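Structure file data_26.txt (compact mmCIF, C-alpha atoms) is printed below.
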# COMPACT_ATOMS: atom_id res chain seq x y z
CA MET A 1 -0.75 19.11 8.96
CA ILE A 2 -2.33 18.83 12.45
CA SER A 3 0.07 18.40 15.34
CA ILE A 4 -1.11 17.77 18.91
CA SER A 5 0.70 17.08 22.21
CA VAL A 6 -0.88 13.68 22.98
CA PRO A 7 -1.03 10.48 20.89
CA ILE A 8 -3.78 10.02 18.31
CA ILE A 9 -5.35 6.55 18.13
CA LEU A 10 -7.61 5.40 15.31
CA ALA A 11 -10.07 2.83 16.71
CA SER A 12 -10.72 1.15 13.37
CA GLN A 13 -9.25 -1.73 11.40
CA SER A 14 -10.33 -0.20 8.09
CA PRO A 15 -7.31 0.37 5.82
CA ARG A 16 -9.36 3.04 4.03
CA ARG A 17 -9.78 5.13 7.18
CA ALA A 18 -6.07 4.83 7.96
CA GLN A 19 -5.32 5.97 4.41
CA LEU A 20 -7.63 9.00 4.84
CA PHE A 21 -5.89 9.89 8.13
CA ARG A 22 -2.53 9.72 6.35
CA GLN A 23 -3.91 11.80 3.48
CA ILE A 24 -4.48 14.77 5.80
CA GLY A 25 -1.05 14.35 7.36
CA LEU A 26 -2.03 12.93 10.76
CA THR A 27 0.47 10.92 12.81
CA PHE A 28 -1.43 8.18 14.61
CA SER A 29 -1.51 4.55 15.70
CA VAL A 30 -4.25 2.01 15.02
CA GLN A 31 -6.06 0.09 17.78
CA PRO A 32 -9.32 -1.51 16.60
CA SER A 33 -12.14 -1.99 19.11
CA SER A 34 -14.07 -5.23 19.56
CA VAL A 35 -17.47 -3.51 19.58
CA PRO A 36 -20.03 -5.56 17.58
CA GLU A 37 -21.61 -3.51 14.78
CA GLU A 38 -25.20 -4.06 15.83
CA ILE A 39 -27.81 -1.79 14.30
CA ASP A 40 -30.80 -0.72 16.40
CA PRO A 41 -33.68 -0.81 13.87
CA ALA A 42 -35.78 1.49 16.09
CA ALA A 43 -33.17 4.27 15.97
CA SER A 44 -32.39 6.61 13.07
CA PRO A 45 -29.36 5.95 10.81
CA GLU A 46 -27.50 8.95 12.28
CA ALA A 47 -28.21 7.80 15.84
CA ASN A 48 -26.89 4.34 14.98
CA VAL A 49 -23.61 5.52 13.43
CA MET A 50 -22.98 8.01 16.26
CA ARG A 51 -23.70 5.38 18.92
CA LEU A 52 -21.39 2.81 17.33
CA ALA A 53 -18.64 5.38 16.68
CA ALA A 54 -18.80 6.49 20.33
CA LEU A 55 -18.80 2.91 21.67
CA LYS A 56 -15.71 2.05 19.60
CA ALA A 57 -13.79 5.17 20.68
CA GLU A 58 -14.81 4.83 24.34
CA GLN A 59 -13.81 1.17 24.54
CA VAL A 60 -10.31 1.91 23.25
CA ALA A 61 -10.00 5.10 25.36
CA ALA A 62 -10.87 3.14 28.52
CA GLY A 63 -7.70 1.09 28.10
CA ILE A 64 -5.14 3.91 27.78
CA PRO A 65 -4.01 6.67 30.18
CA LYS A 66 -3.90 9.49 27.66
CA GLY A 67 -4.49 10.24 24.00
CA ILE A 68 -7.22 11.22 21.58
CA VAL A 69 -9.17 8.23 20.26
CA VAL A 70 -11.20 8.45 17.06
CA GLY A 71 -14.01 5.97 16.40
CA SER A 72 -16.15 5.75 13.30
CA ASP A 73 -18.98 3.79 11.75
CA THR A 74 -20.45 3.73 8.25
CA ILE A 75 -23.74 2.28 7.02
CA VAL A 76 -25.59 2.26 3.71
CA VAL A 77 -29.34 2.88 3.67
CA ILE A 78 -31.77 2.21 0.81
CA ASP A 79 -35.57 2.23 1.08
CA GLY A 80 -35.19 2.75 4.82
CA GLU A 81 -33.25 -0.49 5.17
CA VAL A 82 -29.67 -0.70 6.42
CA LEU A 83 -27.17 -2.62 4.31
CA GLY A 84 -24.18 -3.75 6.34
CA LYS A 85 -21.25 -5.88 5.20
CA PRO A 86 -22.30 -8.83 3.01
CA SER A 87 -22.39 -12.28 4.60
CA ASP A 88 -21.22 -14.03 1.41
CA ALA A 89 -20.85 -13.57 -2.35
CA ALA A 90 -24.56 -14.18 -3.02
CA ASP A 91 -25.47 -11.55 -0.43
CA ALA A 92 -23.06 -9.08 -2.06
CA ALA A 93 -24.64 -9.78 -5.48
CA ARG A 94 -28.11 -9.12 -4.05
CA MET A 95 -26.99 -5.82 -2.50
CA LEU A 96 -25.30 -4.59 -5.68
CA ALA A 97 -28.34 -5.52 -7.79
CA ARG A 98 -30.46 -3.53 -5.36
CA LEU A 99 -28.20 -0.46 -5.59
CA SER A 100 -28.04 -0.66 -9.42
CA GLY A 101 -29.61 2.31 -11.22
CA ARG A 102 -30.76 3.95 -7.97
CA THR A 103 -29.80 6.43 -5.24
CA HIS A 104 -28.93 5.35 -1.70
CA THR A 105 -27.52 7.19 1.32
CA VAL A 106 -24.24 6.61 3.14
CA TYR A 107 -24.12 7.64 6.82
CA THR A 108 -20.84 7.96 8.68
CA GLY A 109 -20.60 8.83 12.37
CA PHE A 110 -17.42 9.74 14.19
CA ALA A 111 -16.48 10.19 17.83
CA VAL A 112 -13.40 11.92 19.22
CA VAL A 113 -12.69 10.91 22.84
CA ASP A 114 -9.99 12.31 25.13
CA ALA A 115 -8.80 9.35 27.20
CA GLY A 116 -7.50 11.59 30.02
CA THR A 117 -10.62 13.67 30.67
CA LYS A 118 -13.28 11.46 28.97
CA LYS A 119 -14.51 14.55 27.13
CA ASN A 120 -15.82 13.79 23.67
CA TYR A 121 -17.15 15.22 20.43
CA ILE A 122 -19.59 13.19 18.35
CA ASP A 123 -20.97 14.06 14.93
CA TRP A 124 -22.12 12.51 11.66
CA GLU A 125 -22.41 13.21 7.95
CA ARG A 126 -24.51 11.80 5.11
CA THR A 127 -24.03 11.65 1.36
CA ASP A 128 -26.40 10.50 -1.38
CA VAL A 129 -24.88 8.17 -3.96
CA THR A 130 -26.38 7.32 -7.36
CA PHE A 131 -25.32 4.15 -9.18
CA ARG A 132 -25.70 3.77 -12.91
CA ARG A 133 -27.46 0.60 -14.06
CA LEU A 134 -25.09 -2.34 -13.67
CA SER A 135 -24.98 -5.52 -15.76
CA ALA A 136 -24.95 -8.93 -14.04
CA GLU A 137 -21.52 -9.41 -15.65
CA GLU A 138 -20.18 -6.26 -13.96
CA ILE A 139 -21.56 -7.30 -10.59
CA ASP A 140 -20.03 -10.78 -10.90
CA GLY A 141 -16.72 -9.30 -12.06
CA TYR A 142 -16.59 -7.02 -9.04
CA ILE A 143 -17.45 -9.77 -6.57
CA ALA A 144 -14.72 -11.94 -8.09
CA THR A 145 -12.15 -9.34 -6.96
CA GLY A 146 -13.15 -10.01 -3.32
CA SER A 147 -13.26 -6.30 -2.60
CA PRO A 148 -17.00 -6.05 -1.74
CA MET A 149 -16.78 -8.49 1.17
CA ASP A 150 -15.54 -6.15 3.95
CA LYS A 151 -17.59 -3.12 2.92
CA ALA A 152 -20.99 -1.80 4.00
CA GLY A 153 -23.30 -2.01 0.98
CA SER A 154 -20.80 -4.32 -0.78
CA TYR A 155 -18.86 -1.60 -2.59
CA GLY A 156 -16.04 0.90 -2.19
CA ILE A 157 -16.34 4.13 -4.18
CA GLN A 158 -12.54 4.24 -4.45
CA ASP A 159 -12.32 0.68 -5.88
CA ASP A 160 -11.60 -0.07 -9.53
CA PHE A 161 -15.19 -1.16 -10.13
CA GLY A 162 -16.77 1.11 -7.50
CA ALA A 163 -15.34 4.17 -9.22
CA VAL A 164 -17.09 3.36 -12.48
CA PHE A 165 -20.37 2.26 -10.86
CA VAL A 166 -21.07 5.64 -9.22
CA GLU A 167 -22.69 8.17 -11.54
CA ARG A 168 -22.95 11.05 -9.06
CA ILE A 169 -22.94 11.90 -5.39
CA ALA A 170 -24.47 14.74 -3.40
CA GLY A 171 -22.52 15.56 -0.26
CA ASP A 172 -19.04 14.79 1.02
CA TYR A 173 -17.04 12.24 -1.01
CA TYR A 174 -14.92 11.05 1.91
CA THR A 175 -18.04 10.16 3.91
CA VAL A 176 -18.65 7.50 1.25
CA VAL A 177 -15.05 6.25 1.49
CA GLY A 178 -15.68 5.94 5.25
CA PHE A 179 -14.71 9.13 7.04
CA PRO A 180 -15.93 12.76 6.64
CA LEU A 181 -12.54 14.48 6.42
CA ALA A 182 -13.64 18.13 6.14
CA LYS A 183 -16.10 18.00 9.03
CA PHE A 184 -13.68 15.96 11.14
CA TYR A 185 -10.78 18.36 10.49
CA VAL A 186 -12.76 21.36 11.71
CA ALA A 187 -14.13 19.48 14.75
CA PHE A 188 -10.80 17.87 15.65
CA THR A 189 -8.83 21.12 15.60
CA ALA A 190 -11.52 22.90 17.68
CA PHE A 191 -11.75 20.01 20.18
CA THR A 192 -7.99 19.59 20.67
CA ARG A 193 -7.54 23.37 20.84
CA SER A 194 -10.16 23.58 23.62
CA LEU A 195 -8.22 20.91 25.56
CA GLY A 196 -4.89 22.76 25.08
CA TYR A 197 -3.44 19.91 22.95
CA LEU A 198 -3.22 21.66 19.57
CA LYS A 199 0.35 22.55 18.66
CA GLY A 200 0.06 23.41 15.02
CA THR A 201 -2.27 23.83 12.05
CA PRO A 202 -2.55 24.02 9.14
CA MET B 1 -10.48 -4.46 -16.17
CA ILE B 2 -10.86 -3.27 -19.78
CA SER B 3 -8.75 -5.06 -22.36
CA ILE B 4 -8.57 -3.96 -26.00
CA SER B 5 -6.58 -5.14 -29.02
CA VAL B 6 -4.80 -1.83 -29.80
CA PRO B 7 -2.60 0.37 -27.58
CA ILE B 8 -4.22 2.97 -25.30
CA ILE B 9 -2.45 6.35 -25.12
CA LEU B 10 -3.24 9.01 -22.51
CA ALA B 11 -2.56 12.44 -24.06
CA SER B 12 -2.01 14.17 -20.71
CA GLN B 13 0.92 14.90 -18.45
CA SER B 14 -1.30 15.01 -15.35
CA PRO B 15 -0.16 12.41 -12.80
CA ARG B 16 -3.70 12.48 -11.38
CA ARG B 17 -5.25 11.34 -14.67
CA ALA B 18 -2.67 8.58 -15.01
CA GLN B 19 -3.50 7.48 -11.47
CA LEU B 20 -7.23 7.38 -12.31
CA PHE B 21 -6.50 5.29 -15.41
CA ARG B 22 -4.51 2.86 -13.27
CA GLN B 23 -7.30 2.83 -10.69
CA ILE B 24 -9.73 1.30 -13.21
CA GLY B 25 -7.12 -1.21 -14.34
CA LEU B 26 -6.25 0.22 -17.77
CA THR B 27 -2.94 -0.61 -19.41
CA PHE B 28 -1.73 2.49 -21.28
CA SER B 29 1.19 4.71 -22.17
CA VAL B 30 1.45 8.47 -21.69
CA GLN B 31 2.14 10.91 -24.51
CA PRO B 32 1.26 14.53 -23.62
CA SER B 33 0.20 16.88 -26.41
CA SER B 34 1.63 20.37 -26.90
CA VAL B 35 -1.80 21.99 -27.39
CA PRO B 36 -1.97 25.37 -25.60
CA GLU B 37 -4.84 25.49 -23.08
CA GLU B 38 -6.48 28.60 -24.51
CA ILE B 39 -10.03 29.33 -23.41
CA ASP B 40 -12.46 30.91 -25.88
CA PRO B 41 -14.42 33.35 -23.69
CA ALA B 42 -17.25 33.47 -26.24
CA ALA B 43 -17.86 29.71 -25.97
CA SER B 44 -19.55 27.80 -23.13
CA PRO B 45 -17.44 25.97 -20.52
CA GLU B 46 -18.49 22.58 -21.93
CA ALA B 47 -17.64 23.65 -25.49
CA ASN B 48 -14.20 24.78 -24.30
CA VAL B 49 -13.30 21.57 -22.45
CA MET B 50 -14.58 19.38 -25.31
CA ARG B 51 -12.66 21.43 -27.91
CA LEU B 52 -9.40 21.28 -25.92
CA ALA B 53 -9.80 17.57 -25.11
CA ALA B 54 -10.37 16.83 -28.80
CA LEU B 55 -7.41 18.95 -29.95
CA LYS B 56 -5.09 17.17 -27.51
CA ALA B 57 -6.23 13.68 -28.52
CA GLU B 58 -6.20 14.48 -32.25
CA GLN B 59 -2.70 15.94 -32.14
CA VAL B 60 -1.28 12.81 -30.52
CA ALA B 61 -3.37 10.47 -32.74
CA ALA B 62 -2.00 12.19 -35.86
CA GLY B 63 1.50 10.99 -34.97
CA ILE B 64 0.80 7.28 -34.52
CA PRO B 65 -0.39 4.55 -36.92
CA LYS B 66 -2.83 2.85 -34.55
CA GLY B 67 -4.18 3.05 -31.04
CA ILE B 68 -6.89 4.73 -29.00
CA VAL B 69 -5.86 8.18 -27.75
CA VAL B 70 -7.63 9.83 -24.81
CA GLY B 71 -7.47 13.60 -24.35
CA SER B 72 -8.96 15.58 -21.49
CA ASP B 73 -9.29 19.11 -20.17
CA THR B 74 -10.54 20.50 -16.86
CA ILE B 75 -11.56 24.04 -15.94
CA VAL B 76 -13.03 25.69 -12.85
CA VAL B 77 -15.81 28.25 -13.27
CA ILE B 78 -17.09 30.72 -10.67
CA ASP B 79 -19.40 33.70 -11.35
CA GLY B 80 -19.15 32.88 -15.05
CA GLU B 81 -15.38 33.34 -15.01
CA VAL B 82 -12.90 30.58 -15.84
CA LEU B 83 -10.10 29.91 -13.36
CA GLY B 84 -7.16 28.17 -14.99
CA LYS B 85 -3.84 27.23 -13.40
CA PRO B 86 -2.40 30.01 -11.19
CA SER B 87 0.44 32.14 -12.60
CA ASP B 88 2.16 32.47 -9.22
CA ALA B 89 1.59 32.10 -5.45
CA ALA B 90 -0.26 35.41 -5.17
CA ASP B 91 -2.58 34.35 -7.99
CA ALA B 92 -3.25 31.03 -6.22
CA ALA B 93 -4.04 32.91 -2.98
CA ARG B 94 -6.52 35.13 -4.82
CA MET B 95 -8.23 32.13 -6.41
CA LEU B 96 -8.53 30.22 -3.12
CA ALA B 97 -9.90 33.30 -1.31
CA ARG B 98 -12.47 33.60 -4.07
CA LEU B 99 -13.53 29.93 -3.76
CA SER B 100 -13.70 30.15 0.07
CA GLY B 101 -17.20 29.65 1.50
CA ARG B 102 -18.82 29.35 -1.92
CA THR B 103 -19.87 26.92 -4.67
CA HIS B 104 -18.09 26.70 -8.02
CA THR B 105 -18.34 24.30 -10.94
CA VAL B 106 -15.69 21.99 -12.36
CA TYR B 107 -16.02 21.03 -16.05
CA THR B 108 -14.05 18.16 -17.54
CA GLY B 109 -14.18 17.23 -21.21
CA PHE B 110 -12.77 14.06 -22.72
CA ALA B 111 -12.13 12.85 -26.25
CA VAL B 112 -11.46 9.29 -27.38
CA VAL B 113 -9.85 9.14 -30.84
CA ASP B 114 -9.04 6.03 -32.87
CA ALA B 115 -5.76 6.79 -34.65
CA GLY B 116 -6.39 4.25 -37.40
CA THR B 117 -9.85 5.35 -38.51
CA LYS B 118 -9.94 8.92 -37.00
CA LYS B 119 -13.32 8.07 -35.50
CA ASN B 120 -13.90 9.78 -32.18
CA TYR B 121 -16.18 10.11 -29.18
CA ILE B 122 -16.32 13.40 -27.27
CA ASP B 123 -18.23 14.14 -24.09
CA TRP B 124 -18.07 16.19 -20.90
CA GLU B 125 -19.20 16.20 -17.28
CA ARG B 126 -19.71 18.88 -14.62
CA THR B 127 -19.70 18.80 -10.84
CA ASP B 128 -20.56 21.53 -8.32
CA VAL B 129 -18.08 21.90 -5.46
CA THR B 130 -18.72 23.80 -2.21
CA PHE B 131 -15.77 25.03 -0.12
CA ARG B 132 -16.14 25.78 3.57
CA ARG B 133 -14.88 29.19 4.68
CA LEU B 134 -11.07 29.12 4.72
CA SER B 135 -8.74 31.11 6.97
CA ALA B 136 -5.85 33.09 5.45
CA GLU B 137 -3.56 30.80 7.46
CA GLU B 138 -5.02 27.71 5.78
CA ILE B 139 -4.67 29.24 2.32
CA ASP B 140 -1.05 30.21 3.00
CA GLY B 141 -0.31 26.78 4.45
CA TYR B 142 -1.70 25.08 1.34
CA ILE B 143 0.22 27.32 -1.07
CA ALA B 144 3.43 26.61 0.87
CA THR B 145 3.05 22.93 -0.11
CA GLY B 146 3.39 23.91 -3.79
CA SER B 147 0.49 21.67 -4.72
CA PRO B 148 -1.90 24.40 -6.02
CA MET B 149 0.49 25.58 -8.75
CA ASP B 150 -0.28 23.01 -11.49
CA LYS B 151 -4.03 22.80 -10.88
CA ALA B 152 -7.02 24.57 -12.41
CA GLY B 153 -8.59 26.69 -9.66
CA SER B 154 -5.45 26.24 -7.50
CA TYR B 155 -6.61 23.14 -5.62
CA GLY B 156 -6.79 19.37 -5.82
CA ILE B 157 -9.73 17.72 -4.07
CA GLN B 158 -7.52 14.69 -3.36
CA ASP B 159 -4.76 16.80 -1.73
CA ASP B 160 -4.13 16.90 2.02
CA PHE B 161 -5.55 20.42 2.28
CA GLY B 162 -7.98 20.12 -0.63
CA ALA B 163 -9.70 17.19 1.05
CA VAL B 164 -10.51 19.25 4.15
CA PHE B 165 -11.48 22.41 2.21
CA VAL B 166 -14.37 20.77 0.33
CA GLU B 167 -17.59 20.59 2.30
CA ARG B 168 -19.72 18.90 -0.35
CA ILE B 169 -19.97 18.16 -4.03
CA ALA B 170 -22.92 17.51 -6.32
CA GLY B 171 -22.00 15.32 -9.28
CA ASP B 172 -19.16 12.97 -10.10
CA TYR B 173 -16.15 13.10 -7.73
CA TYR B 174 -13.60 12.00 -10.32
CA THR B 175 -14.59 14.87 -12.62
CA VAL B 176 -13.17 17.15 -9.91
CA VAL B 177 -9.98 15.09 -9.67
CA GLY B 178 -9.70 15.56 -13.45
CA PHE B 179 -11.41 12.74 -15.28
CA PRO B 180 -15.05 11.47 -15.22
CA LEU B 181 -14.35 7.76 -14.71
CA ALA B 182 -17.90 6.38 -14.75
CA LYS B 183 -18.99 8.23 -17.89
CA PHE B 184 -15.68 7.47 -19.60
CA TYR B 185 -15.87 3.77 -18.76
CA VAL B 186 -19.29 3.38 -20.35
CA ALA B 187 -18.30 5.45 -23.41
CA PHE B 188 -14.92 3.78 -23.84
CA THR B 189 -16.27 0.23 -23.75
CA ALA B 190 -19.07 1.12 -26.20
CA PHE B 191 -16.67 2.94 -28.56
CA THR B 192 -14.01 0.22 -28.60
CA ARG B 193 -16.69 -2.48 -28.92
CA SER B 194 -18.13 -0.71 -31.99
CA LEU B 195 -14.65 -0.71 -33.56
CA GLY B 196 -14.14 -4.41 -32.80
CA TYR B 197 -11.26 -3.67 -30.38
CA LEU B 198 -12.83 -4.73 -27.10
CA LYS B 199 -11.44 -8.03 -25.85
CA GLY B 200 -12.72 -8.13 -22.29
CA THR B 201 -14.77 -6.42 -19.65
CA PRO B 202 -15.47 -6.03 -16.80
Exercise: express the given structure as C-alpha cells:
Amino acid sequence: MISISVPIILASQSPRRAQLFRQIGLTFSVQPSSVPEEIDPAASPEANVMRLAALKAEQVAAGIPKGIVVGSDTIVVIDGEVLGKPSDAADAARMLARLSGRTHTVYTGFAVVDAGTKKNYIDWERTDVTFRRLSAEEIDGYIATGSPMDKAGSYGIQDDFGAVFVERIAGDYYTVVGFPLAKFYVAFTAFTRSLGYLKGTP
Amino acid sequence: MISISVPIILASQSPRRAQLFRQIGLTFSVQPSSVPEEIDPAASPEANVMRLAALKAEQVAAGIPKGIVVGSDTIVVIDGEVLGKPSDAADAARMLARLSGRTHTVYTGFAVVDAGTKKNYIDWERTDVTFRRLSAEEIDGYIATGSPMDKAGSYGIQDDFGAVFVERIAGDYYTVVGFPLAKFYVAFTAFTRSLGYLKGTP
C-alpha cells in the first residue's frame, strides 16, 4: 500500500504492532531497541509516550546507515496513574479489577526517524476505553491464558477475553491495540514524501 | 471460552463474523440463511437490524431439531439514509466520497434463537464512526482491491485501507466489524444459562 525507496524498520518487539504494519501493507523488518520503558511521573502521559517512542527509534536509527525507523510506546492511565505491564499474575489481577466497570485512557506515541538525515516526526494519540463490570472468575480466566502479562494495563483489546471486556471506546481503535494507524499513515506518507522517499500510495 | 451442551450455528456467510466468533473461542458451524436484506424505510435503523437478524436466525432454526442459532445484520446510516452493500464500483465510490470527512453510524442487530424451544433473545448496538477526508486516489485504490463490494457502506474497518480511513469511533469497535462481541457475550451466556445449556465460562 505504501512503497518507499529506503528500508522501513519497526523498533518494537510487539507482535501486535508488526501485525498492524502488515495489515496496512507495509514491507518492513523488525529491530527492537533496548530502551528501558521508564515513566517520568512529573511529565504528562503524552510527553512520556512521545519521549519513549523517540528514544526507541533514535537508538535503532543510530546503528544503521539508512532507512526509516518507527518507534512506539503505549501506556494506560486511570485516575492519573500510569499502568504499565504487570509484574506478576497478582499484579495483573489488581489492574484488571481496577479497570472493571470504569473508563481509562490509552496513550500511544510514535516517532518516525530517518537514519540518513536524522530528521524525525513525533506524534501521539489517545483513546478512552470503558470496561464492563468483570467477575473475579473472568479476571482469573483471562490471567490463566497468560495473555495479560506482556501488555500495558494487563489486557489486549484484540484478545479473546479483552474483546468481550470492552463495552465502548471513544477515539481510534488501533491506538488501543498499540499503534494509531490512521494518524501514522497520514504522517508517514507526508514525511517520506518530503524526504523524496515515497514511491507509491495508496 | 464459552462451552454449551447444544450445537451453535452462525446464520451468516460473513467471514468477518465467523472470525469474530473464533476470536472469542466459540465452537460453531455456519449455515447462512436466504433471507433478503430488505430495509423498511418507515422503521428505525435499530428496528430494521433486529428484524433482519431475527428473521435470519429463525429461518435457520426452523430447519434443525436443536441448537442455538445466531443471526445478525449490519447497516450504515448517514443523514438518515441507509447505505447497504454497493451495487457496483461506481456505487462504492459514491458511498466512500459521501463518508469522507464525516461521521456516520453503524447499527448491528443480533438474534439468538433456541431451535428446540423457539425462545429467543434479540438486541442491537450502534457505534459512530468518523472518517478523515479521503482523496479520490485513495478511494479508487481501495475499490481496486475489491474489498468494498460485499460490505455495508462499502468499507471494512479492519481492511488495509479501512483501518487508515477511520479517524475515530465512539462505541463498540466490533459492532463496526459486524458483530457486538461484548454485548453478545453477556447476553449469550445469560440466555444459555437460563436454558440450562451453559457448561463453562469464562
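For the set B:Asp128, B:Glu138, B:Asp150, B:Asp73, the residue with the smallest atom-to-atom gap to chain A is B:Glu138, counting all atoms listed in the file.
Each of B:Gly196, B:Pro41, B:Gly109, B:Gly162 was compared to chain A using only C-alpha atoms, and B:Gly162 turns out to be the nearest.
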message = Just want the 9 Å neighbourhood of B:Arg132, counted on all atoms listed in the file, with same-chain residues fewer than 2 positions away dropped. Output as an MDAnalysis selection string.
response = (chainID A and resid 182) or (chainID B and resid 99:102 130 134 164:168)
Would you mind exporting C-alpha atoms of the selected residues as an mmCIF file, keeping the file's coordinate frame?
data_model
loop_
_atom_site.group_PDB
_atom_site.id
_atom_site.type_symbol
_atom_site.label_atom_id
_atom_site.label_comp_id
_atom_site.auth_asym_id
_atom_site.auth_seq_id
_atom_site.Cartn_x
_atom_site.Cartn_y
_atom_site.Cartn_z
ATOM 1 C CA ALA A 182 -13.640 18.130 6.140
ATOM 2 C CA LEU B 99 -13.530 29.930 -3.760
ATOM 3 C CA SER B 100 -13.700 30.150 0.070
ATOM 4 C CA GLY B 101 -17.200 29.650 1.500
ATOM 5 C CA ARG B 102 -18.820 29.350 -1.920
ATOM 6 C CA THR B 130 -18.720 23.800 -2.210
ATOM 7 C CA LEU B 134 -11.070 29.120 4.720
ATOM 8 C CA VAL B 164 -10.510 19.250 4.150
ATOM 9 C CA PHE B 165 -11.480 22.410 2.210
ATOM 10 C CA VAL B 166 -14.370 20.770 0.330
ATOM 11 C CA GLU B 167 -17.590 20.590 2.300
ATOM 12 C CA ARG B 168 -19.720 18.900 -0.350
#
Show me, as a PDB file with C-alpha atoms, in the coordinates of the input, the residues of chain A whose atoms get within 8 Å of chain B, using only C-alpha atoms for the distance check.
ATOM      1  CA  GLN A  23      -3.910  11.800   3.480  1.00  0.00           C
ATOM      2  CA  ILE A  24      -4.480  14.770   5.800  1.00  0.00           C
ATOM      3  CA  GLY A  25      -1.050  14.350   7.360  1.00  0.00           C
ATOM      4  CA  GLU A 137     -21.520  -9.410 -15.650  1.00  0.00           C
ATOM      5  CA  GLU A 138     -20.180  -6.260 -13.960  1.00  0.00           C
ATOM      6  CA  GLY A 141     -16.720  -9.300 -12.060  1.00  0.00           C
ATOM      7  CA  TYR A 142     -16.590  -7.020  -9.040  1.00  0.00           C
ATOM      8  CA  ASP A 159     -12.320   0.680  -5.880  1.00  0.00           C
ATOM      9  CA  ASP A 160     -11.600  -0.070  -9.530  1.00  0.00           C
ATOM     10  CA  PHE A 161     -15.190  -1.160 -10.130  1.00  0.00           C
ATOM     11  CA  ALA A 163     -15.340   4.170  -9.220  1.00  0.00           C
ATOM     12  CA  VAL A 164     -17.090   3.360 -12.480  1.00  0.00           C
ATOM     13  CA  PHE A 165     -20.370   2.260 -10.860  1.00  0.00           C
ATOM     14  CA  VAL A 166     -21.070   5.640  -9.220  1.00  0.00           C
ATOM     15  CA  GLU A 167     -22.690   8.170 -11.540  1.00  0.00           C
ATOM     16  CA  ARG A 168     -22.950  11.050  -9.060  1.00  0.00           C
ATOM     17  CA  ILE A 169     -22.940  11.900  -5.390  1.00  0.00           C
ATOM     18  CA  ALA A 170     -24.470  14.740  -3.400  1.00  0.00           C
ATOM     19  CA  GLY A 171     -22.520  15.560  -0.260  1.00  0.00           C
ATOM     20  CA  ASP A 172     -19.040  14.790   1.020  1.00  0.00           C
ATOM     21  CA  TYR A 173     -17.040  12.240  -1.010  1.00  0.00           C
ATOM     22  CA  LEU A 181     -12.540  14.480   6.420  1.00  0.00           C
ATOM     23  CA  ALA A 182     -13.640  18.130   6.140  1.00  0.00           C
ATOM     24  CA  LYS A 183     -16.100  18.000   9.030  1.00  0.00           C
ATOM     25  CA  TYR A 185     -10.780  18.360  10.490  1.00  0.00           C
ATOM     26  CA  THR A 201      -2.270  23.830  12.050  1.00  0.00           C
ATOM     27  CA  PRO A 202      -2.550  24.020   9.140  1.00  0.00           C
TER      28      PRO A 202
END
task = May I ask which of the residues A:Val35, A:Val113, A:Val6, A:Met95 is the closest one to A:Leu52, counting all atoms listed in the file?
result =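 Ranking A:Val35, A:Val113, A:Val6, A:Met95 by distance to A:Leu52, first place goes to A:Val35.
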Do a neighbour search on stretch 123-125 of chain B at 6 Å with all atoms listed in the file, toss out local chain neighbours closer than 2 positions, and write the hits as a PDB file with C-alpha atoms, in the coordinates of the input.
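See around.pdb below for the written result:
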ATOM      1  CA  TYR B 107     -16.020  21.030 -16.050  1.00  0.00           C
ATOM      2  CA  THR B 108     -14.050  18.160 -17.540  1.00  0.00           C
ATOM      3  CA  GLY B 109     -14.180  17.230 -21.210  1.00  0.00           C
ATOM      4  CA  PHE B 110     -12.770  14.060 -22.720  1.00  0.00           C
TER       5      PHE B 110
END
key: Spatial sel., origin (-18.8, -11.6, -0.6), limit 8 Å, all atoms listed in the file, listed as a list in words   =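 Nearby residues: Pro86, Ser87, Asp88, Ala89, Ala90, Asp91, Ala92, Ala93, Ile143, Gly146, Ser147, Pro148, Met149, Asp150 and Ser154 of chain A.
If you look at atom CA of A:Tyr121 and atom CA of A:Met50, they are 10.2 Å away from each other.
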Repair of stretch 6-16 of chain B at the level of N, CA and C atoms, as a PDB file, in the frame of the given file:
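What ended up in part.pdb:
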ATOM      1  N   VAL B   6      -5.751  -2.843 -29.328  1.00  0.00           N
ATOM      2  CA  VAL B   6      -4.800  -1.830 -29.800  1.00  0.00           C
ATOM      3  C   VAL B   6      -4.274  -1.067 -28.590  1.00  0.00           C
ATOM      4  N   PRO B   7      -3.130  -0.363 -28.734  1.00  0.00           N
ATOM      5  CA  PRO B   7      -2.600   0.370 -27.580  1.00  0.00           C
ATOM      6  C   PRO B   7      -3.530   1.496 -27.141  1.00  0.00           C
ATOM      7  N   ILE B   8      -3.488   1.817 -25.858  1.00  0.00           N
ATOM      8  CA  ILE B   8      -4.220   2.970 -25.300  1.00  0.00           C
ATOM      9  C   ILE B   8      -3.176   4.026 -24.937  1.00  0.00           C
ATOM     10  N   ILE B   9      -3.395   5.260 -25.402  1.00  0.00           N
ATOM     11  CA  ILE B   9      -2.450   6.350 -25.120  1.00  0.00           C
ATOM     12  C   ILE B   9      -3.195   7.478 -24.404  1.00  0.00           C
ATOM     13  N   LEU B  10      -2.675   7.887 -23.260  1.00  0.00           N
ATOM     14  CA  LEU B  10      -3.240   9.010 -22.510  1.00  0.00           C
ATOM     15  C   LEU B  10      -2.488  10.273 -22.919  1.00  0.00           C
ATOM     16  N   ALA B  11      -3.199  11.213 -23.576  1.00  0.00           N
ATOM     17  CA  ALA B  11      -2.560  12.440 -24.060  1.00  0.00           C
ATOM     18  C   ALA B  11      -2.612  13.522 -22.981  1.00  0.00           C
ATOM     19  N   SER B  12      -1.987  13.233 -21.838  1.00  0.00           N
ATOM     20  CA  SER B  12      -2.010  14.170 -20.710  1.00  0.00           C
ATOM     21  C   SER B  12      -0.774  13.954 -19.864  1.00  0.00           C
ATOM     22  N   GLN B  13      -0.222  15.054 -19.346  1.00  0.00           N
ATOM     23  CA  GLN B  13       0.920  14.900 -18.450  1.00  0.00           C
ATOM     24  C   GLN B  13       0.504  14.932 -16.984  1.00  0.00           C
ATOM     25  N   SER B  14      -0.810  14.937 -16.730  1.00  0.00           N
ATOM     26  CA  SER B  14      -1.300  15.010 -15.350  1.00  0.00           C
ATOM     27  C   SER B  14      -1.093  13.666 -14.642  1.00  0.00           C
ATOM     28  N   PRO B  15      -0.328  13.660 -13.552  1.00  0.00           N
ATOM     29  CA  PRO B  15      -0.160  12.410 -12.800  1.00  0.00           C
ATOM     30  C   PRO B  15      -1.478  11.940 -12.185  1.00  0.00           C
ATOM     31  N   ARG B  16      -2.413  12.863 -11.954  1.00  0.00           N
ATOM     32  CA  ARG B  16      -3.700  12.480 -11.380  1.00  0.00           C
ATOM     33  C   ARG B  16      -4.524  11.680 -12.380  1.00  0.00           C
TER      34      ARG B  16
END
